[in-house]
file target_5.pdb (PDB, C-alpha atoms)
MODEL        1
ATOM      1  CA  ASP A 280     133.807 152.819 156.394
ATOM      2  CA  VAL A 281     130.869 153.819 154.257
ATOM      3  CA  LYS A 282     127.879 151.693 154.869
ATOM      4  CA  VAL A 283     125.084 151.206 152.382
ATOM      5  CA  THR A 284     122.055 149.451 153.800
ATOM      6  CA  GLN A 285     119.292 147.880 151.792
ATOM      7  CA  SER A 286     116.421 147.205 154.134
ATOM      8  CA  SER A 287     114.960 144.164 152.374
ATOM      9  CA  ARG A 288     117.228 141.240 151.434
ATOM     10  CA  TYR A 289     114.472 139.050 149.996
ATOM     11  CA  LEU A 290     111.036 139.998 148.712
ATOM     12  CA  VAL A 291     108.304 138.052 146.987
ATOM     13  CA  LYS A 292     105.594 140.085 145.259
ATOM     14  CA  ARG A 293     102.745 139.438 142.879
ATOM     15  CA  THR A 294     102.372 140.800 139.369
ATOM     16  CA  GLY A 295     100.855 144.280 139.440
ATOM     17  CA  GLU A 296     101.899 145.102 142.991
ATOM     18  CA  LYS A 297     103.729 148.320 143.791
ATOM     19  CA  VAL A 298     107.175 147.609 145.194
ATOM     20  CA  PHE A 299     109.490 149.886 147.161
ATOM     21  CA  LEU A 300     113.173 149.094 147.570
ATOM     22  CA  GLU A 301     114.905 151.285 150.140
ATOM     23  CA  CYS A 302     118.570 152.196 150.347
ATOM     24  CA  VAL A 303     120.334 154.301 152.980
ATOM     25  CA  GLN A 304     123.969 155.439 153.075
ATOM     26  CA  ASP A 305     125.694 156.985 156.064
ATOM     27  CA  MET A 306     128.564 159.008 154.562
ATOM     28  CA  ASP A 307     126.900 162.075 153.099
ATOM     29  CA  HIS A 308     127.621 161.075 149.490
ATOM     30  CA  GLU A 309     125.915 163.080 146.793
ATOM     31  CA  ASN A 310     125.737 160.264 144.272
ATOM     32  CA  MET A 311     123.621 157.147 144.595
ATOM     33  CA  PHE A 312     122.772 154.421 142.097
ATOM     34  CA  TRP A 313     120.402 151.560 141.500
ATOM     35  CA  TYR A 314     121.543 148.570 139.434
ATOM     36  CA  ARG A 315     119.968 145.271 138.622
ATOM     37  CA  GLN A 316     122.089 142.155 138.330
ATOM     38  CA  ASP A 317     121.102 139.231 136.152
ATOM     39  CA  PRO A 318     123.065 136.098 135.231
ATOM     40  CA  GLY A 319     124.956 136.565 131.987
ATOM     41  CA  LEU A 320     124.113 140.258 131.823
ATOM     42  CA  GLY A 321     126.195 141.629 134.666
ATOM     43  CA  LEU A 322     125.136 144.905 136.253
ATOM     44  CA  ARG A 323     122.881 147.312 134.433
ATOM     45  CA  LEU A 324     122.211 150.830 135.639
ATOM     46  CA  ILE A 325     118.557 151.670 136.234
ATOM     47  CA  TYR A 326     118.681 155.179 137.715
ATOM     48  CA  PHE A 327     121.084 157.376 139.575
ATOM     49  CA  SER A 328     120.884 160.562 141.586
ATOM     50  CA  TYR A 329     123.547 163.183 142.117
ATOM     51  CA  ASP A 330     121.670 165.308 144.628
ATOM     52  CA  VAL A 331     118.478 165.517 146.627
ATOM     53  CA  LYS A 332     115.424 165.535 144.347
ATOM     54  CA  MET A 333     117.676 165.035 141.299
ATOM     55  CA  LYS A 334     117.555 161.894 139.207
ATOM     56  CA  GLU A 335     118.889 160.663 135.908
ATOM     57  CA  LYS A 336     117.911 157.672 133.827
ATOM     58  CA  GLY A 337     120.434 154.951 133.393
ATOM     59  CA  ASP A 338     120.475 152.264 130.734
ATOM     60  CA  ILE A 339     117.248 150.441 131.633
ATOM     61  CA  PRO A 340     114.829 152.832 133.398
ATOM     62  CA  GLU A 341     111.614 151.468 131.863
ATOM     63  CA  GLY A 342     109.197 150.177 134.478
ATOM     64  CA  TYR A 343     111.026 151.889 137.340
ATOM     65  CA  SER A 344     111.033 155.217 139.110
ATOM     66  CA  VAL A 345     113.100 156.610 141.984
ATOM     67  CA  SER A 346     112.795 159.014 144.867
ATOM     68  CA  ARG A 347     115.513 161.015 146.618
ATOM     69  CA  GLU A 348     113.870 163.204 149.249
ATOM     70  CA  LYS A 349     116.807 163.090 151.648
ATOM     71  CA  LYS A 350     120.478 162.889 150.858
ATOM     72  CA  GLU A 351     121.015 159.600 152.639
ATOM     73  CA  ARG A 352     118.048 157.739 151.158
ATOM     74  CA  PHE A 353     117.451 156.583 147.591
ATOM     75  CA  SER A 354     114.360 154.528 146.849
ATOM     76  CA  LEU A 355     113.602 152.411 143.806
ATOM     77  CA  ILE A 356     109.923 152.028 142.921
ATOM     78  CA  LEU A 357     108.285 149.444 140.710
ATOM     79  CA  GLU A 358     104.867 150.958 140.013
ATOM     80  CA  SER A 359     103.402 147.686 138.758
ATOM     81  CA  ALA A 360     105.714 144.746 139.185
ATOM     82  CA  SER A 361     106.088 142.258 136.360
ATOM     83  CA  THR A 362     107.720 138.846 136.231
ATOM     84  CA  ASN A 363     110.583 140.154 134.090
ATOM     85  CA  GLN A 364     111.569 142.379 136.996
ATOM     86  CA  THR A 365     112.533 139.355 139.040
ATOM     87  CA  SER A 366     116.165 140.100 139.751
ATOM     88  CA  MET A 367     118.825 141.089 142.249
ATOM     89  CA  TYR A 368     118.796 144.850 142.876
ATOM     90  CA  LEU A 369     121.931 146.565 144.089
ATOM     91  CA  CYS A 370     122.159 150.056 145.528
ATOM     92  CA  ALA A 371     125.458 151.920 145.574
ATOM     93  CA  SER A 372     126.893 155.143 146.899
ATOM     94  CA  LEU A 373     129.715 156.987 145.197
ATOM     95  CA  GLU A 374     132.866 158.387 146.692
ATOM     96  CA  GLY A 375     134.703 160.347 144.039
ATOM     97  CA  ILE A 376     138.384 160.885 144.532
ATOM     98  CA  ALA A 377     140.172 162.744 141.760
ATOM     99  CA  GLY A 378     138.892 160.574 138.982
ATOM    100  CA  ALA A 379     138.879 157.288 140.881
ATOM    101  CA  ASN A 380     135.179 156.825 141.418
ATOM    102  CA  VAL A 381     134.807 154.144 144.070
ATOM    103  CA  LEU A 382     131.351 152.680 144.480
ATOM    104  CA  THR A 383     130.241 151.173 147.774
ATOM    105  CA  PHE A 384     127.454 148.637 147.389
ATOM    106  CA  GLY A 385     124.725 147.399 149.627
ATOM    107  CA  ALA A 386     124.206 143.669 150.117
ATOM    108  CA  GLY A 387     121.430 143.547 147.547
ATOM    109  CA  SER A 388     117.696 142.942 147.462
ATOM    110  CA  ARG A 389     116.552 139.801 145.699
ATOM    111  CA  LEU A 390     113.076 140.357 144.300
ATOM    112  CA  THR A 391     110.849 137.586 142.984
ATOM    113  CA  VAL A 392     107.688 138.581 141.140
ATOM    114  CA  LEU A 393     105.126 135.795 140.797
TER
ATOM    115  CA  GLY B  17     130.828 154.199 123.458
ATOM    116  CA  ASN B  18     132.445 152.896 126.607
ATOM    117  CA  SER B  19     132.414 149.174 127.218
ATOM    118  CA  VAL B  20     134.130 146.420 129.170
ATOM    119  CA  THR B  21     134.680 142.861 127.973
ATOM    120  CA  GLN B  22     135.847 140.167 130.344
ATOM    121  CA  MET B  23     136.362 136.484 129.892
ATOM    122  CA  GLU B  24     133.337 134.338 130.389
ATOM    123  CA  GLY B  25     133.237 131.864 133.181
ATOM    124  CA  PRO B  26     132.884 129.840 135.065
ATOM    125  CA  VAL B  27     136.538 129.347 135.875
ATOM    126  CA  THR B  28     137.364 126.337 138.037
ATOM    127  CA  LEU B  29     140.808 126.010 139.592
ATOM    128  CA  SER B  30     142.514 123.907 142.205
ATOM    129  CA  GLU B  31     143.835 125.554 145.330
ATOM    130  CA  GLU B  32     147.254 127.195 144.823
ATOM    131  CA  ALA B  33     146.794 127.448 141.048
ATOM    132  CA  PHE B  34     147.608 130.633 139.127
ATOM    133  CA  LEU B  35     144.662 132.818 138.180
ATOM    134  CA  THR B  36     144.207 135.158 135.238
ATOM    135  CA  ILE B  37     140.906 136.798 134.364
ATOM    136  CA  ASN B  38     141.141 138.839 131.191
ATOM    137  CA  CYS B  39     139.549 142.248 130.863
ATOM    138  CA  THR B  40     139.694 144.653 127.929
ATOM    139  CA  TYR B  41     137.964 147.961 127.560
ATOM    140  CA  THR B  42     136.864 150.579 125.062
ATOM    141  CA  ALA B  43     136.715 154.144 126.277
ATOM    142  CA  THR B  44     137.096 157.738 125.253
ATOM    143  CA  GLY B  45     139.592 159.726 127.229
ATOM    144  CA  TYR B  46     141.451 158.218 130.156
ATOM    145  CA  PRO B  47     139.166 156.197 132.387
ATOM    146  CA  SER B  48     139.960 154.741 135.770
ATOM    147  CA  LEU B  49     139.787 150.946 135.939
ATOM    148  CA  PHE B  50     138.507 148.717 138.708
ATOM    149  CA  TRP B  51     138.046 145.140 139.797
ATOM    150  CA  TYR B  52     135.117 144.414 142.089
ATOM    151  CA  VAL B  53     134.425 141.095 143.792
ATOM    152  CA  GLN B  54     131.099 139.622 144.891
ATOM    153  CA  TYR B  55     131.204 136.826 147.440
ATOM    154  CA  PRO B  56     128.168 134.518 147.665
ATOM    155  CA  GLY B  57     125.133 136.258 149.121
ATOM    156  CA  GLU B  58     126.786 139.661 149.282
ATOM    157  CA  GLY B  59     126.963 142.891 147.312
ATOM    158  CA  LEU B  60     129.983 143.949 145.298
ATOM    159  CA  GLN B  61     133.081 145.308 146.993
ATOM    160  CA  LEU B  62     136.091 147.038 145.528
ATOM    161  CA  LEU B  63     139.075 144.716 145.125
ATOM    162  CA  LEU B  64     141.574 147.052 143.456
ATOM    163  CA  LYS B  65     141.812 150.034 141.146
ATOM    164  CA  ALA B  66     144.168 151.945 138.840
ATOM    165  CA  THR B  67     143.701 155.518 137.741
ATOM    166  CA  LYS B  68     146.264 155.982 134.976
ATOM    167  CA  ALA B  69     148.309 154.063 132.440
ATOM    168  CA  ASP B  70     150.950 151.691 133.853
ATOM    169  CA  ASP B  71     149.479 151.914 137.352
ATOM    170  CA  LYS B  72     149.302 148.593 139.150
ATOM    171  CA  GLY B  73     146.478 147.984 141.579
ATOM    172  CA  SER B  74     146.928 145.296 144.207
ATOM    173  CA  ASN B  75     145.049 143.867 147.165
ATOM    174  CA  LYS B  76     144.775 140.504 148.961
ATOM    175  CA  GLY B  77     147.384 138.994 146.623
ATOM    176  CA  PHE B  78     145.522 140.076 143.490
ATOM    177  CA  GLU B  79     147.127 142.410 140.954
ATOM    178  CA  ALA B  80     146.122 144.182 137.763
ATOM    179  CA  THR B  81     148.099 146.587 135.575
ATOM    180  CA  TYR B  82     146.492 149.346 133.517
ATOM    181  CA  ARG B  83     147.804 148.773 129.967
ATOM    182  CA  LYS B  84     146.791 151.623 127.715
ATOM    183  CA  GLU B  85     148.532 150.193 124.654
ATOM    184  CA  THR B  86     146.486 147.004 124.791
ATOM    185  CA  THR B  87     143.447 148.568 126.545
ATOM    186  CA  SER B  88     143.578 145.815 129.121
ATOM    187  CA  PHE B  89     143.358 145.372 132.891
ATOM    188  CA  HIS B  90     143.816 141.651 133.501
ATOM    189  CA  LEU B  91     143.398 140.328 137.030
ATOM    190  CA  GLU B  92     146.045 137.910 138.345
ATOM    191  CA  LYS B  93     146.800 136.007 141.507
ATOM    192  CA  GLY B  94     149.725 133.694 141.963
ATOM    193  CA  SER B  95     148.094 131.165 144.280
ATOM    194  CA  VAL B  96     144.328 131.063 144.737
ATOM    195  CA  GLN B  97     142.533 129.856 147.837
ATOM    196  CA  VAL B  98     139.101 128.332 148.323
ATOM    197  CA  SER B  99     138.054 131.595 149.953
ATOM    198  CA  ASP B 100     138.674 133.409 146.636
ATOM    199  CA  SER B 101     135.633 131.690 145.135
ATOM    200  CA  ALA B 102     133.427 134.566 144.017
ATOM    201  CA  VAL B 103     132.272 136.523 140.991
ATOM    202  CA  TYR B 104     134.752 139.099 139.702
ATOM    203  CA  PHE B 105     133.710 142.208 137.786
ATOM    204  CA  CYS B 106     135.941 144.474 135.742
ATOM    205  CA  ALA B 107     134.737 148.078 135.451
ATOM    206  CA  LEU B 108     135.691 151.472 134.116
ATOM    207  CA  SER B 109     134.685 154.960 135.031
ATOM    208  CA  ALA B 110     132.373 156.950 132.803
ATOM    209  CA  HIS B 111     130.308 160.095 133.045
ATOM    210  CA  TYR B 112     126.566 160.631 132.859
ATOM    211  CA  GLY B 113     125.076 164.088 132.901
ATOM    212  CA  GLY B 114     125.875 165.970 136.065
ATOM    213  CA  SER B 115     127.119 162.984 138.004
ATOM    214  CA  GLN B 116     130.697 162.796 139.161
ATOM    215  CA  GLY B 117     130.833 159.573 137.324
ATOM    216  CA  ASN B 118     129.328 156.166 136.903
ATOM    217  CA  LEU B 119     130.945 152.799 136.376
ATOM    218  CA  ILE B 120     130.465 150.510 133.411
ATOM    219  CA  PHE B 121     130.776 146.859 134.368
ATOM    220  CA  GLY B 122     131.724 143.725 132.528
ATOM    221  CA  LYS B 123     129.392 140.755 132.804
ATOM    222  CA  GLY B 124     131.339 139.110 135.572
ATOM    223  CA  THR B 125     133.456 135.969 135.795
ATOM    224  CA  LYS B 126     132.586 133.316 138.324
ATOM    225  CA  LEU B 127     135.589 131.676 139.952
ATOM    226  CA  SER B 128     135.348 128.391 141.833
ATOM    227  CA  VAL B 129     138.408 127.132 143.686
ATOM    228  CA  LYS B 130     138.453 123.474 144.711
ATOM    229  CA  PRO B 131     140.497 122.181 147.678
TER
ENDMDL
END

call {"tool": "encode", "arguments": {"input": "target_5.pdb", "output": "structure tokens"}}
result
Amino acid sequence: DVKVTQSSRYLVKRTGEKVFLECVQDMDHENMFWYRQDPGLGLRLIYFSYDVKMKEKGDIPEGYSVSREKKERFSLILESASTNQTSMYLCASLEGIAGANVLTFGAGSRLTVL
Amino acid sequence: GNSVTQMEGPVTLSEEAFLTINCTYTATGYPSLFWYVQYPGEGLQLLLKATKADDKGSNKGFEATYRKETTSFHLEKGSVQVSDSAVYFCALSAHYGGSQGNLIFGKGTKLSVKP
């Protein structure tokens, strides 16, 4: 089975700090995604990457950047954390099978910005 | 544009009750449809999927049928268990740029099953 690992389950940071959220997948998938999950809003796409060093903005990229230096690793970066970035962050890897795009998610990283 | 609308929760049921969670979608073309489930403290995991009209996805006693005429993909289970308590997300496939595809999610429906 594909495994997507998010290294930090819980983080507490202060306003203005730089935050790195790391995600690693072990099945050689080209596509990786970062979502944030908020009550009443569901999942919203922040950024995705379809290859090494490639990235595309999702629906809410403001305040975030990403890095994909190796195929298995996709990092989400908050350059200067703010309280409205307190959220659950979910990384996912994509297995595409003839139009049935099945995402495999990590367990999530819950970030609190004070 | 593409969108997914699912019934708002929370939904509270007694064990062995019948479950329906409604999901309708708007999409161009012929998307694939999915139900994902998120158990407490975990990430999302695929529950079932359907790739074309009239397909029925099923898993763990849950079922959903891809209805193109009503643009719906309602989730059903005949007899829920306490262990089914989770948040359920309906989703459809979409395409961004050069990606193989991304999913658009509904807002989620929280299900609580009481013994």

call {"tool": "resolve_selection", "arguments": {"input": "target_5.pdb", "expression": "the PyMOL selection byres ((chain B and resi 49) around 8)", "output": "ChimeraX atom specification"}}
result
/B:47-48,50-51,65-67,82,89,106-109

call {"tool": "resolve_selection", "arguments": {"input": "target_5.pdb", "expression": "the PyMOL selection byres ((chain A) within 10 of (chain B))", "output": "PyMOL selection string"}}
result
chain A and resi 283+288+309-312+316-324+327-330+333-337+367-371+373-389

call {"tool": "atom_distance", "arguments": {"input": "target_5.pdb", "atom1": "atom CA of A:Val298", "atom2": "atom CA of A:Ser354"}}
result
10.1 Å

call {"tool": "closest_residue", "arguments": {"input": "target_5.pdb", "among": "A:Ser361, A:Ser372, A:Arg347, A:Leu300", "to": "A:Thr391", "atoms": "only C-alpha atoms"}}
result
A:Ser361

call {"tool": "residues_around", "arguments": {"input": "target_5.pdb", "residues": "stretch 95-102 of chain B", "least_positions_apart": "3", "cutoff": "8 Å", "atoms": "all atoms listed in the file", "output": "list of chain:residue names"}}
result
B:Ser30, B:Glu31, B:Glu32, B:Ala33, B:Phe34, B:Leu35, B:Val53, B:Gln54, B:Tyr55, B:Pro56, B:Lys126, B:Leu127, B:Ser128, B:Val129, B:Lys130, B:Pro131

call {"tool": "atom_distance", "arguments": {"input": "target_5.pdb", "atom1": "atom CA of A:Ser346", "atom2": "atom CA of A:Cys302"}}
result
10.5 Å

call {"tool": "resolve_selection", "arguments": {"input": "target_5.pdb", "expression": "the PyMOL selection byres ((chain B and resi 21) around 6)", "output": "JSON, numbers by chain"}}
result
{"B": [20, 22, 39, 40, 122]}

call {"tool": "atom_distance", "arguments": {"input": "target_5.pdb", "atom1": "atom CA of A:Leu290", "atom2": "atom CA of A:Thr365"}}
result
9.8 Å

call {"tool": "residues_around", "arguments": {"input": "target_5.pdb", "residues": "B:Glu85", "least_positions_apart": "6", "cutoff": "12 Å", "atoms": "all atoms listed in the file", "output": "compact mmCIF listing (two decimals) with C-alpha atoms, keeping the file's coordinate frame"}}
result
# COMPACT_ATOMS: atom_id res chain seq x y z
CA THR B 40 139.69 144.65 127.93
CA TYR B 41 137.96 147.96 127.56
CA THR B 42 136.86 150.58 125.06
CA ALA B 69 148.31 154.06 132.44
CA ASP B 70 150.95 151.69 133.85

call {"tool": "residues_near_point", "arguments": {"input": "target_5.pdb", "point": "(119.1, 164.1, 151.1)", "cutoff": "10 Å", "atoms": "all atoms listed in the file", "output": "MDAnalysis selection string"}}
result
chainID A and resid 307:309 330:333 347:353

call {"tool": "axis_aligned_box", "arguments": {"input": "target_5.pdb", "around": "stretch 87-92 of chain B", "padding_each_side": "3 Å", "output": "AutoDock Vina command-line options"}}
result
--center_x 144.7 --center_y 143.2 --center_z 132.4 --size_x 8.7 --size_y 16.7 --size_z 17.8
